[in-house]
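Trainee: The structure follows.
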Amino acid sequence: MGTYIKGSTIKLFALIFVALLLLPLIFRNPFSLRIATEALMWIGLAISWDVIGGYTGRVNFGHGAFFGIGAYITAILMMNWGWAFLPTLPLAGFGAGLVAFIIGFPTLRLMGAYFAIAMWSLALAFQQLALLMNITGGPDGMRLPTFLNPEFFFYLMLVMVMGTFVLLWYLMECASFGFKVRSIREDESGAMALGLNPTRIKIQAFVLSAVPAGLIGGIYAYWVSYIDPPSVFGDIITDQAIVMTILGGMGTLIGPAIGAVILFAFKTVFWAYLSDYQVLYLIILGVVIALTVFFLPNGVWGTINSYLDHRKSKKNDSLIS
Amino acid sequence: MAETILKVDTVTKTFGGLHAVENVSFNIDIGEIVGLIGPNGAGKTTLFNVISGYYAPSKGNVYFMGEDVSGLPPYKLAIKGIGRTFQVVKPFPGLSVLDNVVIASLSRHPRRRDAEAHAWEVMKFTGLADRAQILAGSLTLAGRKRLEITKAMALEPSLILLDEVVAGLNPTEADQTIELINKIREQGKTILIVEHIMHVIMNLSDRVVVLNFGSKIAEGKPEEVAHDPAVMKAYLGEEEQ
């Protein structure tokens, strides 16, 4: 698997980061910047989903719940308690992480489809809760103060998602934690014989997956300035993150990022030019996932990777012979 | 008198009404190789699972280095120094052999760099180093059984439980594994081994414990046990009069 932190990797990250920092200078109009911000958001949701879904092997159909919890925490703190925006963010992340910690104990005991169903119904439960409570504004949702500064949100999202990416890169590809979660995915009871506590590792991974989703949810709420239960707790958030990850390649970080960009670009074009056919979007999503599973079981990045590996080993073979 | 490392004290394990292991007691001294034998369904693997923490005993206790460890979870026992292999091998199939062994090294060497260095050492010792980059799932059965031993060794256990690591191998592979077990003993490890193949048990073990229908029917030196009437009855059936 992964490598130690190499100078070249750090340079590459720095290069991408600087390029993204300069992006607002190129895209001067707010629309393009908005698209770029949302693309970053989806990268964040896809890579954070992949921590539990790809690396730990527990397919989570309720990731959107953490996003929604973050969004509502920010909205409630700002509107009902008069907080400023930035101080709400740590709490948005903490709230999502705390929920993951608590519900992880019962749900992470479940395997395969059972975990997926449990998490899916949990996300629905949160949506219902937001519909029924007064503090969340019920079905009317919540209107936040508008802050019309596209650059601010772009940079905030950039820092958040890049920060998440680098942290996950370190934990999953460089540090020993990545080995531990993979062993849980591969064989939980075998891992126990080697001194690893599966419950503890799964909970850690689950919290690690939930916190970024909560933080991104908090930013999202202030950015779009209006949230209601379907828009932040809806299935579509989880579904898109999953399709992006599977399309790009589960169990990697670059894969979901690529998948997120591809799918979000497609969605944007589709919405812009074929808005009459919006109903088709979900159907296309379904077809994309079916085709990916059939023809690119390792996703776009996984396929490129194994092709590169193959070429490299061929080259080595020819050197030997 | 050598020091006792493992003490199994009147252990019973029932599943519903079935007594898989009933009232079994024996000790293992440091540095010994003890063989655990018995016909199919005698409760050998169940007893292994009790000792390694996969099952809690229904009655009785297990003492490891003088400490009562009955009912502790497997990962705690692993840290305390009980390593085990699985009869139905449990490799991490989607990971390379090296990564498998690195994971096994992590509890003693938490830093990845140290774990990797340690993994290479253990793989050289068990003869898997040349296959380090292969996916564990694509190893042959012999390779996977060897990986089981390698992972158990990477844990640096003081007691190692080997569950049928020779069964299913061809004669050459079997000899290599026996050689490896002897090498492990030379390192000062204590070994409890379950095996069906009699000559393996008879050649390796200092002492043999025989189970039948969950109960201990004999214990002693291999040659004594082989001629024990109760053991012969269990394996061959009653002589017709």
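Letters A, B, ... go to the chains of the structure tokens in the order shown; residues in each chain start at 1; ligands are counted from 1 in the same order.
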Could I get the residues of chain A with an atom no further than 7 Å from an atom of chain B, each paired with its nearest atom pair and that distance in Å to one decimal, using only C-alpha atoms, sorted by chain and residue number, as CSV?
Mentor:
residue,atom,partner,partner_atom,distance
A:Ala175,CA,B:Arg112,CA,6.3
A:Ser176,CA,B:Arg112,CA,5.2
A:Phe179,CA,B:Ile103,CA,6.0
A:Lys180,CA,B:Ile103,CA,6.6
A:Ser183,CA,B:Phe92,CA,6.4
A:Glu186,CA,B:Phe92,CA,4.9
A:Asp187,CA,B:Phe92,CA,6.0
A:Gly190,CA,B:Lys90,CA,5.6
A:Met192,CA,B:Tyr75,CA,4.8
A:Ala193,CA,B:Pro74,CA,5.7
A:Leu194,CA,B:Ala104,CA,5.2
A:Gly195,CA,B:Tyr75,CA,3.9
A:Leu196,CA,B:Tyr75,CA,5.4
A:Asn197,CA,B:Tyr75,CA,5.8
Trainee: I'd like to know which residues of range 276-315 of chain A are alpha helix (DSSP H) (by DSSP, run on the backbone); could you write them as a ChimeraX atom specification?
Mentor: /A:280-295,299-315
Trainee: Which neighbours of range 159-174 of chain A fall inside 10 Å, counting only C-alpha atoms, when residues of the same chain fewer than 2 positions from it are skipped, and could you give them as number ranges by chain?
Mentor: A: 1-6, 10, 13, 16-17, 20-21, 40-45, 47-48, 51, 55, 153-157, 176-182, 205, 208-209, 211-213, 215-216, 219, 251-254, 257; B: 112-113
Trainee: Determine which residues of range 8-212 of chain B receive a DSSP assignment of strand (DSSP E or B), computed from the backbone, and state them as a VMD selection string.
Mentor: chain B and resid 8 to 15 18 to 29 33 to 37 59 to 64 67 to 68 82 to 84 96 135 159 to 163 190 to 194 207 to 212
Trainee: If I take CA of Gly214 in chain A and CA of Gly93 in chain A, how far is one from the other in Å, to one decimal?
Mentor: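 If I compute the distance from CA of Gly214 in chain A to CA of Gly93 in chain A, I get 4.5 Å.
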Trainee: Go through A:Gly104, A:Gly234, A:Gly299, A:Pro198 one by one, measure the shortest atom-to-atom distance of each to Gly248 in chain A using only C-alpha atoms, and give the residue with the smallest value.
Mentor: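 Once distances to Gly248 in chain A are computed over only C-alpha atoms, the minimum belongs to A:Gly299.
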Trainee: Given the choices A:Leu12, A:Val18, A:Ala272, A:Ala39, which gets closest to Ala260 in chain A if the distance is worked out from only C-alpha atoms?
Mentor: A:Ala39
